[in-house]
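Participant: mmCIF, C-alpha atoms and all ligand atoms, file work07.cif:
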data_final
#
loop_
_atom_site.label_atom_id
_atom_site.label_comp_id
_atom_site.auth_asym_id
_atom_site.auth_seq_id
_atom_site.Cartn_x
_atom_site.Cartn_y
_atom_site.Cartn_z
CA MET A 1 39.95 -29.50 -0.06
CA ALA A 2 41.48 -28.85 -3.48
CA GLU A 3 44.08 -26.15 -3.99
CA ALA A 4 42.36 -22.78 -4.47
CA GLY A 5 42.29 -21.96 -8.17
CA PRO A 6 41.96 -18.49 -9.63
CA ALA A 7 38.78 -16.94 -8.22
CA GLY A 8 35.83 -17.10 -10.57
CA HIS A 9 37.29 -19.89 -12.71
CA SER A 10 37.19 -23.58 -12.06
CA GLY A 11 40.20 -24.33 -14.28
CA PRO A 12 42.21 -23.20 -17.29
CA ARG A 13 40.16 -21.88 -20.16
CA PRO A 14 40.24 -23.94 -23.38
CA VAL A 15 42.67 -22.78 -26.06
CA THR A 16 41.68 -22.58 -29.70
CA TRP A 17 44.58 -22.00 -32.08
CA SER A 18 43.68 -20.43 -35.44
CA SER A 19 46.15 -20.56 -38.39
CA SER A 20 46.80 -16.81 -38.01
CA ASN A 21 47.80 -17.37 -34.37
CA SER A 22 50.26 -20.08 -35.21
CA SER A 23 51.86 -18.15 -38.08
CA ARG A 24 52.86 -15.34 -35.69
CA GLY A 25 55.55 -17.49 -34.10
CA ALA A 26 56.49 -17.68 -30.46
CA GLY A 27 57.57 -14.11 -29.63
CA PRO A 28 56.99 -12.57 -26.18
CA GLY A 29 53.51 -11.30 -27.23
CA ALA A 30 52.48 -14.78 -28.32
CA SER A 31 53.69 -16.37 -25.12
CA LYS A 32 51.76 -13.80 -23.05
CA GLU A 33 48.68 -14.54 -25.17
CA LEU A 34 49.12 -18.26 -24.66
CA THR A 35 49.64 -17.83 -20.92
CA GLN A 36 46.47 -15.76 -20.69
CA ALA A 37 44.52 -18.15 -22.88
CA LEU A 38 45.56 -21.01 -20.61
CA GLY A 39 44.43 -19.01 -17.60
CA ILE A 40 47.98 -19.06 -16.16
CA ARG A 41 48.76 -15.94 -14.16
CA THR A 42 52.21 -15.27 -12.94
CA GLU A 43 50.89 -12.76 -10.40
CA THR A 44 49.68 -13.93 -7.02
CA LEU A 45 47.62 -12.58 -4.16
CA ILE A 46 46.81 -13.38 -0.56
CA ALA A 47 43.52 -15.12 0.19
CA VAL A 48 41.80 -16.82 3.11
CA HIS A 49 42.36 -20.54 2.74
CA PHE A 50 41.86 -23.89 4.44
CA ASP A 51 43.23 -27.28 3.45
CA LYS A 52 40.69 -29.53 5.12
CA PRO A 53 37.21 -28.99 6.56
CA GLY A 54 37.04 -28.29 10.27
CA GLY A 55 37.23 -25.55 12.88
CA PRO A 56 38.42 -21.94 12.61
CA GLU A 57 41.97 -23.09 13.46
CA ASN A 58 42.20 -24.51 9.92
CA LEU A 59 41.99 -21.05 8.36
CA TYR A 60 45.12 -19.24 7.22
CA LEU A 61 46.29 -16.75 4.63
CA LYS A 62 47.80 -18.27 1.52
CA GLU A 63 49.42 -16.96 -1.64
CA VAL A 64 47.29 -18.08 -4.61
CA ALA A 65 47.09 -17.18 -8.30
CA LYS A 66 45.53 -13.81 -9.08
CA PRO A 67 42.20 -14.32 -10.87
CA SER A 68 41.75 -13.22 -14.44
CA PRO A 69 38.41 -11.66 -15.42
CA GLY A 70 36.49 -13.45 -18.16
CA GLU A 71 34.37 -11.76 -20.81
CA GLY A 72 31.93 -9.32 -19.25
CA GLU A 73 33.73 -9.50 -15.91
CA VAL A 74 35.51 -6.96 -13.75
CA LEU A 75 38.55 -7.49 -11.56
CA LEU A 76 37.84 -5.88 -8.20
CA LYS A 77 40.69 -4.93 -5.87
CA VAL A 78 39.11 -5.84 -2.55
CA ALA A 79 39.26 -3.39 0.35
CA ALA A 80 36.83 -5.23 2.64
CA SER A 81 34.65 -8.31 2.71
CA ALA A 82 32.17 -9.57 5.29
CA LEU A 83 31.57 -12.87 7.01
CA ASN A 84 28.46 -14.95 6.44
CA ARG A 85 27.11 -18.10 8.04
CA ALA A 86 27.70 -19.81 4.70
CA ASP A 87 31.46 -19.26 5.27
CA LEU A 88 31.28 -21.21 8.53
CA LEU A 89 29.38 -24.04 6.82
CA GLN A 90 31.80 -24.10 3.86
CA ARG A 91 34.75 -24.22 6.25
CA GLN A 92 33.09 -27.17 8.01
CA GLY A 93 32.65 -28.97 4.69
CA GLN A 94 28.85 -28.63 4.80
CA HIS A 95 28.27 -26.09 2.03
CA ALA A 96 30.13 -26.50 -1.24
CA PRO A 97 30.36 -23.46 -3.55
CA PRO A 98 28.01 -23.66 -6.54
CA PRO A 99 29.53 -25.05 -9.77
CA GLY A 100 31.92 -22.58 -11.40
CA ALA A 101 32.28 -20.43 -8.27
CA SER A 102 35.60 -19.73 -6.57
CA ASN A 103 36.31 -22.02 -3.63
CA ILE A 104 37.81 -19.08 -1.72
CA LEU A 105 35.43 -17.89 1.03
CA GLY A 106 33.59 -14.58 0.74
CA LEU A 107 30.14 -13.81 -0.67
CA GLU A 108 30.52 -10.05 -0.79
CA ALA A 109 33.20 -7.41 -1.13
CA SER A 110 33.85 -3.72 -1.56
CA GLY A 111 36.83 -2.15 -3.29
CA HIS A 112 37.91 -0.55 -6.54
CA VAL A 113 37.61 -1.65 -10.16
CA ALA A 114 41.13 -2.73 -11.22
CA GLU A 115 40.47 -4.14 -14.69
CA LEU A 116 37.57 -4.48 -17.13
CA ARG A 117 37.34 -7.18 -19.76
CA ALA A 118 35.54 -6.74 -23.07
CA GLY A 119 31.77 -7.12 -22.84
CA CYS A 120 31.37 -5.44 -19.44
CA GLN A 121 27.93 -3.87 -19.05
CA GLY A 122 27.37 -0.70 -17.06
CA PRO A 123 29.10 2.57 -16.28
CA TRP A 124 32.23 1.09 -14.72
CA ARG A 125 35.72 2.50 -15.18
CA VAL A 126 39.07 1.52 -13.69
CA GLY A 127 39.39 3.11 -10.24
CA ASP A 128 35.66 3.30 -9.51
CA PRO A 129 34.62 2.34 -5.97
CA ALA A 130 32.14 -0.54 -6.01
CA MET A 131 30.61 -3.33 -3.95
CA ALA A 132 29.70 -6.75 -5.27
CA LEU A 133 27.51 -9.77 -4.69
CA LEU A 134 29.70 -12.84 -5.14
CA SER A 135 29.26 -16.59 -5.35
CA GLY A 136 32.63 -16.86 -3.56
CA GLY A 137 36.15 -15.45 -3.63
CA GLY A 138 35.64 -12.18 -1.72
CA GLN A 139 38.15 -12.88 1.04
CA ALA A 140 41.14 -12.26 -1.19
CA GLN A 141 42.99 -9.19 -2.43
CA TYR A 142 41.32 -9.45 -5.84
CA VAL A 143 38.13 -11.09 -7.05
CA THR A 144 36.44 -11.36 -10.45
CA VAL A 145 32.75 -10.61 -10.80
CA PRO A 146 30.29 -10.10 -13.68
CA ALA A 147 29.97 -6.33 -14.13
CA GLU A 148 26.19 -6.54 -13.62
CA LEU A 149 26.71 -7.76 -10.06
CA LEU A 150 28.59 -4.60 -9.06
CA MET A 151 26.85 -1.75 -7.27
CA PRO A 152 28.09 1.77 -6.58
CA VAL A 153 29.18 2.51 -3.00
CA PRO A 154 26.55 4.87 -1.53
CA ALA A 155 27.89 8.37 -0.83
CA GLY A 156 29.23 8.78 2.68
CA LEU A 157 29.73 5.08 3.40
CA THR A 158 33.14 3.61 4.19
CA MET A 159 34.48 0.56 2.37
CA CYS A 160 33.79 -1.52 5.50
CA GLN A 161 30.16 -0.37 5.59
CA ALA A 162 29.81 -1.09 1.87
CA ALA A 163 31.19 -4.62 2.31
CA ALA A 164 28.39 -5.27 4.80
CA ILE A 165 25.63 -4.57 2.28
CA PRO A 166 25.52 -7.01 -0.68
CA GLU A 167 24.74 -10.42 0.82
CA ALA A 168 22.63 -9.40 3.82
CA TRP A 169 20.68 -6.60 2.15
CA LEU A 170 20.06 -8.34 -1.15
CA THR A 171 18.88 -11.39 0.80
CA ALA A 172 16.54 -9.32 2.97
CA PHE A 173 15.24 -7.39 -0.06
CA GLN A 174 14.65 -10.59 -2.00
CA LEU A 175 12.92 -12.34 0.93
CA LEU A 176 10.58 -9.45 1.62
CA ARG A 177 9.78 -8.23 -1.86
CA LEU A 178 10.28 -11.07 -4.34
CA VAL A 179 9.63 -14.14 -2.21
CA GLY A 180 7.41 -12.88 0.61
CA ASN A 181 5.57 -10.23 -1.45
CA VAL A 182 5.35 -7.87 1.53
CA ARG A 183 2.64 -5.20 1.43
CA ALA A 184 2.05 -1.99 3.35
CA GLY A 185 0.13 -2.81 6.51
CA ASP A 186 1.51 -6.36 6.81
CA SER A 187 3.02 -7.60 10.03
CA VAL A 188 6.36 -9.39 9.55
CA LEU A 189 8.05 -11.63 12.12
CA ILE A 190 11.83 -11.56 11.59
CA HIS A 191 13.78 -14.25 13.40
CA ALA A 192 17.40 -13.58 14.45
CA GLY A 193 16.40 -9.91 14.33
CA ALA A 194 19.90 -8.72 15.29
CA SER A 195 21.68 -10.78 12.61
CA GLY A 196 23.16 -9.27 9.45
CA VAL A 197 20.07 -10.22 7.44
CA GLY A 198 17.71 -9.37 10.32
CA THR A 199 19.01 -5.81 10.82
CA ALA A 200 18.54 -5.18 7.09
CA ALA A 201 15.08 -6.80 7.02
CA ILE A 202 13.78 -4.63 9.87
CA GLN A 203 14.70 -1.46 7.98
CA LEU A 204 13.35 -2.71 4.64
CA ALA A 205 10.10 -3.92 6.18
CA ARG A 206 9.54 -0.45 7.68
CA MET A 207 10.33 1.12 4.35
CA ALA A 208 7.66 -1.07 2.72
CA GLY A 209 5.10 0.21 5.24
CA ALA A 210 5.00 -3.09 7.15
CA THR A 211 5.29 -3.65 10.90
CA PRO A 212 8.43 -5.64 11.79
CA LEU A 213 8.47 -7.80 14.93
CA VAL A 214 11.66 -9.64 15.88
CA THR A 215 12.98 -12.49 17.94
CA ALA A 216 16.49 -12.57 19.40
CA GLY A 217 18.40 -14.28 22.19
CA SER A 218 19.23 -11.32 24.44
CA GLN A 219 17.77 -8.09 25.75
CA GLU A 220 20.68 -6.14 24.28
CA LYS A 221 19.92 -7.48 20.80
CA LEU A 222 16.22 -6.68 21.15
CA GLN A 223 17.04 -3.11 22.16
CA LYS A 224 19.26 -2.68 19.10
CA ALA A 225 16.49 -4.08 16.87
CA GLU A 226 14.02 -1.65 18.38
CA LYS A 227 16.43 1.24 17.67
CA LEU A 228 16.21 0.17 14.02
CA ARG A 229 12.41 0.58 14.39
CA ALA A 230 11.27 -2.95 15.12
CA ALA A 231 7.78 -2.51 16.62
CA ALA A 232 8.35 -5.22 19.23
CA GLY A 233 10.92 -7.86 20.12
CA PHE A 234 10.71 -11.17 21.92
CA ASN A 235 13.53 -12.99 23.67
CA TYR A 236 12.98 -16.56 22.49
CA LYS A 237 15.06 -17.87 25.40
CA GLU A 238 12.74 -16.33 27.99
CA GLU A 239 9.27 -16.39 26.46
CA ASP A 240 7.15 -18.15 23.87
CA PHE A 241 7.52 -15.83 20.86
CA SER A 242 4.46 -17.37 19.30
CA GLU A 243 2.20 -16.35 22.21
CA ALA A 244 3.81 -12.91 22.36
CA THR A 245 3.28 -12.43 18.62
CA LEU A 246 -0.37 -13.45 18.84
CA LYS A 247 -0.82 -11.03 21.75
CA PHE A 248 0.80 -8.18 19.81
CA THR A 249 -1.33 -8.85 16.71
CA LYS A 250 -4.50 -9.21 18.82
CA GLY A 251 -4.85 -12.86 17.87
CA ALA A 252 -4.55 -12.36 14.12
CA GLY A 253 -0.95 -13.61 13.73
CA VAL A 254 1.63 -12.29 11.29
CA ASN A 255 1.26 -12.11 7.51
CA LEU A 256 4.88 -12.98 6.86
CA ILE A 257 7.63 -14.83 8.74
CA LEU A 258 11.29 -14.56 7.69
CA ASP A 259 12.74 -17.72 9.19
CA CYS A 260 16.41 -18.68 9.22
CA ILE A 261 15.95 -21.03 12.19
CA GLY A 262 13.78 -23.85 10.80
CA GLY A 263 13.46 -27.06 12.85
CA SER A 264 13.24 -25.81 16.43
CA TYR A 265 10.74 -23.04 15.52
CA TRP A 266 8.33 -24.85 13.20
CA GLU A 267 5.42 -25.29 15.59
CA LYS A 268 5.62 -21.80 17.05
CA ASN A 269 5.88 -20.36 13.55
CA VAL A 270 2.76 -22.05 12.28
CA ASN A 271 0.89 -21.14 15.48
CA CYS A 272 1.48 -17.41 15.03
CA LEU A 273 1.06 -17.32 11.23
CA ALA A 274 -2.02 -15.41 10.08
CA LEU A 275 -4.61 -17.05 7.87
CA ASP A 276 -3.20 -17.11 4.30
CA GLY A 277 0.19 -16.07 5.70
CA HIS A 278 3.57 -16.65 4.06
CA TRP A 279 6.38 -18.40 5.92
CA VAL A 280 9.71 -17.96 4.16
CA LEU A 281 12.38 -20.46 5.22
CA TYR A 282 15.91 -19.34 4.30
CA GLY A 283 18.18 -20.96 6.91
CA LEU A 284 18.37 -23.90 9.28
CA LEU A 285 20.19 -22.56 12.35
CA GLY A 286 17.68 -24.46 14.53
CA GLY A 287 18.00 -27.75 12.64
CA ALA A 288 16.48 -29.47 9.64
CA VAL A 289 14.53 -32.29 11.28
CA ILE A 290 11.00 -31.92 12.60
CA SER A 291 8.45 -34.24 14.03
CA GLY A 292 4.77 -33.38 14.34
CA PRO A 293 1.67 -32.37 12.39
CA LEU A 294 3.18 -29.55 10.30
CA PHE A 295 1.00 -30.24 7.26
CA SER A 296 -2.33 -30.20 9.08
CA LYS A 297 -1.47 -27.08 11.05
CA LEU A 298 -0.27 -25.29 7.91
CA LEU A 299 -3.28 -26.44 5.90
CA PHE A 300 -5.76 -25.09 8.45
CA LYS A 301 -4.01 -21.73 8.21
CA ARG A 302 -4.03 -22.00 4.40
CA GLY A 303 -0.38 -21.02 4.91
CA SER A 304 2.36 -20.97 2.27
CA LEU A 305 5.78 -22.34 3.16
CA ILE A 306 8.36 -21.04 0.69
CA THR A 307 12.11 -21.68 0.70
CA SER A 308 14.84 -19.46 -0.68
CA LEU A 309 18.59 -19.69 -1.33
CA LEU A 310 20.38 -16.79 -3.00
CA ARG A 311 23.89 -18.18 -3.58
CA SER A 312 22.81 -20.94 -5.96
CA ARG A 313 20.57 -18.67 -8.07
CA ASP A 314 21.72 -18.19 -11.66
CA LYS A 315 23.47 -15.10 -12.99
CA LYS A 316 20.36 -13.75 -14.70
CA TYR A 317 18.34 -13.81 -11.49
CA LYS A 318 21.14 -12.15 -9.52
CA GLN A 319 21.49 -9.45 -12.18
CA MET A 320 17.78 -8.72 -11.93
CA LEU A 321 17.99 -8.59 -8.14
CA VAL A 322 21.05 -6.30 -8.12
CA LYS A 323 19.42 -3.96 -10.66
CA ALA A 324 16.16 -3.72 -8.68
CA PHE A 325 18.06 -3.15 -5.42
CA THR A 326 20.35 -0.55 -6.99
CA GLU A 327 17.41 1.40 -8.39
CA GLN A 328 14.93 1.09 -5.55
CA ILE A 329 16.97 0.77 -2.35
CA LEU A 330 20.53 2.08 -2.75
CA PRO A 331 19.49 5.76 -3.02
CA HIS A 332 18.07 5.45 0.50
CA PHE A 333 21.51 4.80 1.98
CA SER A 334 22.44 8.36 1.12
CA THR A 335 22.31 11.04 3.82
CA GLU A 336 20.13 13.01 1.40
CA GLY A 337 17.63 10.17 0.86
CA PRO A 338 14.05 10.44 2.15
CA GLN A 339 14.59 7.52 4.54
CA ARG A 340 18.10 6.76 5.74
CA LEU A 341 19.09 3.09 5.65
CA LEU A 342 22.18 1.97 7.54
CA PRO A 343 24.29 -1.16 7.26
CA VAL A 344 24.84 -2.34 10.84
CA LEU A 345 28.44 -3.30 11.63
CA ASP A 346 29.42 -5.18 14.75
CA ARG A 347 33.20 -5.58 14.41
CA VAL A 348 35.92 -5.10 11.83
CA TYR A 349 38.80 -7.60 11.82
CA PRO A 350 42.01 -7.40 9.81
CA VAL A 351 41.99 -10.42 7.50
CA ALA A 352 45.01 -11.83 9.37
CA GLU A 353 42.59 -12.41 12.28
CA ILE A 354 40.27 -14.59 10.20
CA GLN A 355 40.27 -17.36 12.83
CA GLU A 356 39.14 -14.93 15.55
CA ALA A 357 36.42 -13.55 13.24
CA HIS A 358 34.97 -17.05 12.67
CA GLU A 359 35.20 -17.87 16.38
CA TYR A 360 33.34 -14.66 17.20
CA MET A 361 30.49 -15.40 14.77
CA GLU A 362 30.17 -18.84 16.32
CA THR A 363 29.51 -17.26 19.74
CA ASN A 364 26.29 -15.69 18.31
CA LYS A 365 27.23 -12.37 19.93
CA ASN A 366 27.28 -10.14 16.86
CA VAL A 367 24.66 -7.50 16.17
CA GLY A 368 24.83 -6.90 12.43
CA LYS A 369 27.82 -7.75 10.30
CA ILE A 370 31.36 -8.92 10.99
CA VAL A 371 33.66 -7.29 8.44
CA LEU A 372 37.18 -8.20 7.28
CA GLU A 373 39.69 -5.66 6.03
CA LEU A 374 41.91 -7.08 3.28
CA LEU A 375 45.66 -6.51 2.93
CA GLN A 376 46.29 -3.47 0.71
N1 LIG A 401 18.95 -18.41 2.01
C1 LIG A 401 19.74 -17.41 1.72
O1 LIG A 401 19.82 -16.99 0.57
C2 LIG A 401 20.57 -16.80 2.80
C3 LIG A 401 21.38 -15.69 2.54
C4 LIG A 401 22.09 -15.10 3.61
C5 LIG A 401 21.96 -15.63 4.90
N2 LIG A 401 21.20 -16.75 5.07
C6 LIG A 401 21.01 -17.32 6.41
O2 LIG A 401 20.50 -16.32 7.24
C7 LIG A 401 20.85 -16.60 8.57
C8 LIG A 401 21.38 -15.33 9.20
O3 LIG A 401 22.63 -15.04 8.57
P1 LIG A 401 23.50 -13.83 9.10
O4 LIG A 401 24.80 -13.85 8.41
O5 LIG A 401 22.68 -12.61 9.07
O6 LIG A 401 23.71 -14.35 10.62
P2 LIG A 401 24.40 -13.72 11.87
O7 LIG A 401 24.57 -12.25 11.73
O8 LIG A 401 25.60 -14.53 12.16
O9 LIG A 401 23.32 -14.00 13.02
C9 LIG A 401 22.80 -15.24 13.28
C10 LIG A 401 22.08 -15.21 14.64
O10 LIG A 401 21.11 -16.24 14.66
C11 LIG A 401 20.82 -16.56 16.02
N3 LIG A 401 20.82 -18.01 16.17
C12 LIG A 401 21.84 -18.86 15.93
N4 LIG A 401 21.47 -20.12 16.19
C13 LIG A 401 20.18 -20.05 16.63
C14 LIG A 401 19.24 -21.03 17.04
N5 LIG A 401 19.55 -22.33 17.08
N6 LIG A 401 18.01 -20.61 17.43
C15 LIG A 401 17.69 -19.30 17.39
N7 LIG A 401 18.53 -18.33 16.98
C16 LIG A 401 19.77 -18.71 16.62
C17 LIG A 401 21.92 -15.92 16.86
O11 LIG A 401 21.38 -14.76 17.48
P3 LIG A 401 20.54 -14.83 18.87
O12 LIG A 401 21.42 -14.24 19.92
O13 LIG A 401 19.35 -14.01 18.59
O14 LIG A 401 20.24 -16.27 19.14
C18 LIG A 401 22.96 -15.50 15.84
O15 LIG A 401 23.73 -14.41 16.25
C19 LIG A 401 21.83 -17.77 8.52
O16 LIG A 401 21.11 -18.95 8.78
C20 LIG A 401 22.29 -17.77 7.07
O17 LIG A 401 22.70 -19.02 6.64
C21 LIG A 401 20.51 -17.32 4.06
#
Could you rewrite the structure in this file as structure tokens?
Ligand SMILES: NC(=O)c1ccc[n+]([C@@H]2O[C@H](COP(=O)([O-])OP(=O)(O)OC[C@H]3O[C@@H](n4cnc5c(N)ncnc54)[C@H](OP(=O)(O)O)[C@@H]3O)[C@@H](O)[C@H]2O)c1
Facilitator:
Amino acid sequence: MAEAGPAGHSGPRPVTWSSSNSSRGAGPGASKELTQALGIRTETLIAVHFDKPGGPENLYLKEVAKPSPGEGEVLLKVAASALNRADLLQRQGQHAPPPGASNILGLEASGHVAELRAGCQGPWRVGDPAMALLSGGGQAQYVTVPAELLMPVPAGLTMCQAAAIPEAWLTAFQLLRLVGNVRAGDSVLIHAGASGVGTAAIQLARMAGATPLVTAGSQEKLQKAEKLRAAAGFNYKEEDFSEATLKFTKGAGVNLILDCIGGSYWEKNVNCLALDGHWVLYGLLGGAVISGPLFSKLLFKRGSLITSLLRSRDKKYKQMLVKAFTEQILPHFSTEGPQRLLPVLDRVYPVAEIQEAHEYMETNKNVGKIVLELLQ
């Protein structure tokens, strides 16, 4: 893998010299200007890094150049970040960051605004606490982010709790509302119900007036999902979740399936999908290859199979998503809100234990998010 460049920038910015620039001579101010224009930062920071794709043992902390915010961007001093499955895939060389994104791991972060460049939209001031949806770069002491992708930290939440919100909750919100078009009265089957995304989706489905059902791989995970108000849970290792779902819905099936498993679940999914139901595929933990009559089964259900990936969405879409989430959902994280939402944290690791954090996620034991505390 290439040397990590400044987060948020794929390389030095182009320099355009006007005649007035050149007539000023090469004093200290001019050299600082030139250095900044070239994107060269003398300051450094510590970030999670790996030199070649592979296992968690390849991860280490490295001193890299401090990122410089571009126009409309904020520099966030990171207090905490959280782990995502995409980090594991990126580390394995199976998930490249989208063009222009930092190649440092980390799709979300919480911290404080350290610097604002011209053109920043929103109420932000230096020192404000904030959390951010990122295309990468969160597992470092500083990260740059467009100001519109920042969200205020809900009152009463710690920085670690805030770091657990952006990726999982925006994904769950997007899958339910924008992609799955959930309605009050719908039944929603949420696979990996104890995952970061799953624990958020259960709460958001309830808030939308829907009935969330979950699958998970252990009794302990199902109990935790039920505490979050899942109406029922099925251990996919011990029973056929499709039969159990049909039984629960009195043969009707579910209106919506949030599926991050894919291959190994396809037939059971289509069997328990209601007529005209929506099946939203957003991950492939159970593989990408299938064999069998998917099309005919889906056609007879008049089912819709929709796919969704958040990270590769463009800035405009993400801004719209962050704005809608900030307005409609964030107030409900407050202790004074009508319905209390809670980010579910499993463990917090100091960033120096990044290898252990990846190893733990790979055991599939976590309920909710695995959070990293950055060096301060
Ligand atoms: N498309 C998007 O925009 C987007 C955004 C964010 C996340 N995602 C995807 O969403 C999924 C969940 O992410 P997360 O960070 O919330 O995950 P997570 O907290 O790490 O939880 C994932 C859980 O999935 C279950 N699982 C793993 N392999 C499985 C398999 N083969 N069959 C059945 N269950 C399996 C395990 O729980 P059990 O004990 O229940 O088996 C595991 O703990 C990932 O696939 C991730 O890539 C997609």
Participant: Please return, as a list in words, all polymer residues that have at least one atom within 10 Å of the point (19.3, -10.1, 20.7); use all atoms listed in the file and the file's own coordinate frame.
Facilitator: Ala192, Gly193, Ala194, Ser195, Val214, Thr215, Ala216, Gly217, Ser218, Gln219, Glu220, Lys221, Leu222, Gln223, Lys224, Ala225, Gly233, Phe234, Asn235, Tyr236, Asn364, Lys365, Asn366 and Val367 of chain A
Participant: Considering all atoms listed in the file, can you say which of A:Glu148, A:Asp186, A:Glu57, A:Glu362 comes closest to ligand LIG 401 (chain A)?
Facilitator: A:Glu362
Participant: With a distance cut-off of 12 Å and only C-alpha atoms, select the neighbouring residues of Ser264 (chain A), excluding the residue or stretch itself and same-chain residues fewer than 3 positions from it, and output the selection as a tab-separated table (two decimals) with C-alpha atoms, keeping the file's coordinate frame.
Facilitator:
chain	number	residue	atom	x	y	z
A	191	HIS	CA	13.78	-14.25	13.40
A	236	TYR	CA	12.98	-16.56	22.49
A	259	ASP	CA	12.74	-17.72	9.19
A	260	CYS	CA	16.41	-18.68	9.22
A	261	ILE	CA	15.95	-21.03	12.19
A	267	GLU	CA	5.42	-25.29	15.59
A	268	LYS	CA	5.62	-21.80	17.05
A	269	ASN	CA	5.88	-20.36	13.55
A	270	VAL	CA	2.76	-22.05	12.28
A	283	GLY	CA	18.18	-20.96	6.91
A	284	LEU	CA	18.37	-23.90	9.28
A	285	LEU	CA	20.19	-22.56	12.35
A	286	GLY	CA	17.68	-24.46	14.53
A	287	GLY	CA	18.00	-27.75	12.64
A	288	ALA	CA	16.48	-29.47	9.64
A	289	VAL	CA	14.53	-32.29	11.28
A	290	ILE	CA	11.00	-31.92	12.60
A	291	SER	CA	8.45	-34.24	14.03
A	292	GLY	CA	4.77	-33.38	14.34
Participant: Show me, as an NGL selection string, the residues that have an atom within 6 Å of region 256-258 of chain A when counting all atoms listed in the file, minus same-chain residues fewer than 5 positions from it.
Facilitator: :A and (188-190 or 277-280)
Participant: Pull C-alpha atoms from the residues just selected and write them as a PDB file, in the coordinates of the input.
Facilitator:
ATOM      1  CA  VAL A 188       6.360  -9.390   9.550  1.00  0.00           C
ATOM      2  CA  LEU A 189       8.050 -11.630  12.120  1.00  0.00           C
ATOM      3  CA  ILE A 190      11.830 -11.560  11.590  1.00  0.00           C
ATOM      4  CA  GLY A 277       0.190 -16.070   5.700  1.00  0.00           C
ATOM      5  CA  HIS A 278       3.570 -16.650   4.060  1.00  0.00           C
ATOM      6  CA  TRP A 279       6.380 -18.400   5.920  1.00  0.00           C
ATOM      7  CA  VAL A 280       9.710 -17.960   4.160  1.00  0.00           C
TER       8      VAL A 280
END
Participant: Quick one: distance from CA of Gly93 (chain A) to CA of Ala79 (chain A) in Å, one decimal?
Facilitator: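 Calculated distance between CA of Gly93 (chain A) and CA of Ala79 (chain A) is 26.8 Å.
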Participant: Give me, please, the distance in Å between CA of Ala96 (chain A) and CA of Glu108 (chain A), quoted to one decimal.
Facilitator: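 We find that CA of Ala96 (chain A) and CA of Glu108 (chain A) lie 16.5 Å from each other.
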Participant: What is the CA of Ala164 (chain A)-atom C19 of ligand LIG 401 (chain A) distance in Å, reported with one decimal?
Facilitator: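 Taking CA of Ala164 (chain A) as the start and atom C19 of ligand LIG 401 (chain A) as the end point, the length is 14.6 Å.
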Participant: Which residue gives the smallest distance to Pro97 (chain A) among A:Val113, A:Leu134, A:Ala200, A:Val351, with only C-alpha atoms counted?
Facilitator: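 Answer, going by the shortest atom-to-atom distance: A:Leu134.
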Participant: Scan for residues within 12 Å of the point (32.7, 0.8, -7.9) in the coordinates of the file, using only C-alpha atoms, and reply as JSON, numbers by chain.
Facilitator: {"A": [74, 75, 76, 77, 78, 79, 109, 110, 111, 112, 113, 114, 115, 116, 122, 123, 124, 125, 126, 127, 128, 129, 130, 131, 132, 145, 147, 148, 149, 150, 151, 152, 153, 154, 155, 159, 162, 163]}
Participant: Using all atoms listed in the file, which residues sit within 10 Å of region 326-329 of chain A once same-chain residues fewer than 2 positions away are excluded, as a PyMOL selection string?
Facilitator: chain A and resi 150-152+154+169-170+173+204+207+320-324+331-334+337+339+341
Participant: With distances taken over all atoms listed in the file, which of A:Tyr360, A:Tyr60, A:Phe50, A:Phe325 is nearest to ligand LIG 401 (chain A)?
Facilitator: A:Tyr360
Participant: Applying 9 Å and all atoms listed in the file, which residues near Leu88 (chain A) remain after dropping the ones on its own chain fewer than 6 positions away? List them as a VMD selection string.
Facilitator: chain A and resid 55 to 56 94 to 95 358 361 to 362
Participant: Just write the chosen residues, C-alpha atoms, as a tab-separated table (two decimals), keeping the file's coordinate frame.
Facilitator:
chain	number	residue	atom	x	y	z
A	55	GLY	CA	37.23	-25.55	12.88
A	56	PRO	CA	38.42	-21.94	12.61
A	94	GLN	CA	28.85	-28.63	4.80
A	95	HIS	CA	28.27	-26.09	2.03
A	358	HIS	CA	34.97	-17.05	12.67
A	361	MET	CA	30.49	-15.40	14.77
A	362	GLU	CA	30.17	-18.84	16.32
Participant: For ligand LIG 401 (chain A), which residue out of A:Leu45, A:Ala230, A:Ala101, A:Ala86 is the nearest one, using all atoms listed in the file?
Facilitator: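 Closest to ligand LIG 401 (chain A), using all atoms listed in the file: A:Ala86.
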Participant: Pick out the closest residue to ligand LIG 401 (chain A) from this set: A:Lys237, A:Arg302, A:Lys297, A:Lys247. Count only C-alpha atoms and all ligand atoms.
Facilitator: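 Looking at the shortest contact to ligand LIG 401 (chain A), the residue is A:Lys237.
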Participant: Determine the nearest neighbour of Gly368 (chain A) from the options A:Gly198, A:Gly303, A:Gly138, A:Gly253, counting only C-alpha atoms.
Facilitator: A:Gly198
Participant: Neighbours of Ala357 (chain A) within 10 Å (all atoms listed in the file; same-chain residues fewer than 3 positions away dropped), as a short mmCIF file (atom, residue, chain, number, x, y, z; two decimals) with C-alpha atoms, keeping the file's coordinate frame?
Facilitator:
data_model
loop_
_atom_site.label_atom_id
_atom_site.label_comp_id
_atom_site.auth_asym_id
_atom_site.auth_seq_id
_atom_site.Cartn_x
_atom_site.Cartn_y
_atom_site.Cartn_z
CA PRO A 56 38.42 -21.94 12.61
CA ALA A 82 32.17 -9.57 5.29
CA LEU A 83 31.57 -12.87 7.01
CA ARG A 347 33.20 -5.58 14.41
CA VAL A 348 35.92 -5.10 11.83
CA TYR A 349 38.80 -7.60 11.82
CA PRO A 350 42.01 -7.40 9.81
CA VAL A 351 41.99 -10.42 7.50
CA ALA A 352 45.01 -11.83 9.37
CA GLU A 353 42.59 -12.41 12.28
CA ILE A 354 40.27 -14.59 10.20
CA TYR A 360 33.34 -14.66 17.20
CA MET A 361 30.49 -15.40 14.77
CA GLU A 362 30.17 -18.84 16.32
CA ILE A 370 31.36 -8.92 10.99
CA VAL A 371 33.66 -7.29 8.44
CA LEU A 372 37.18 -8.20 7.28
#
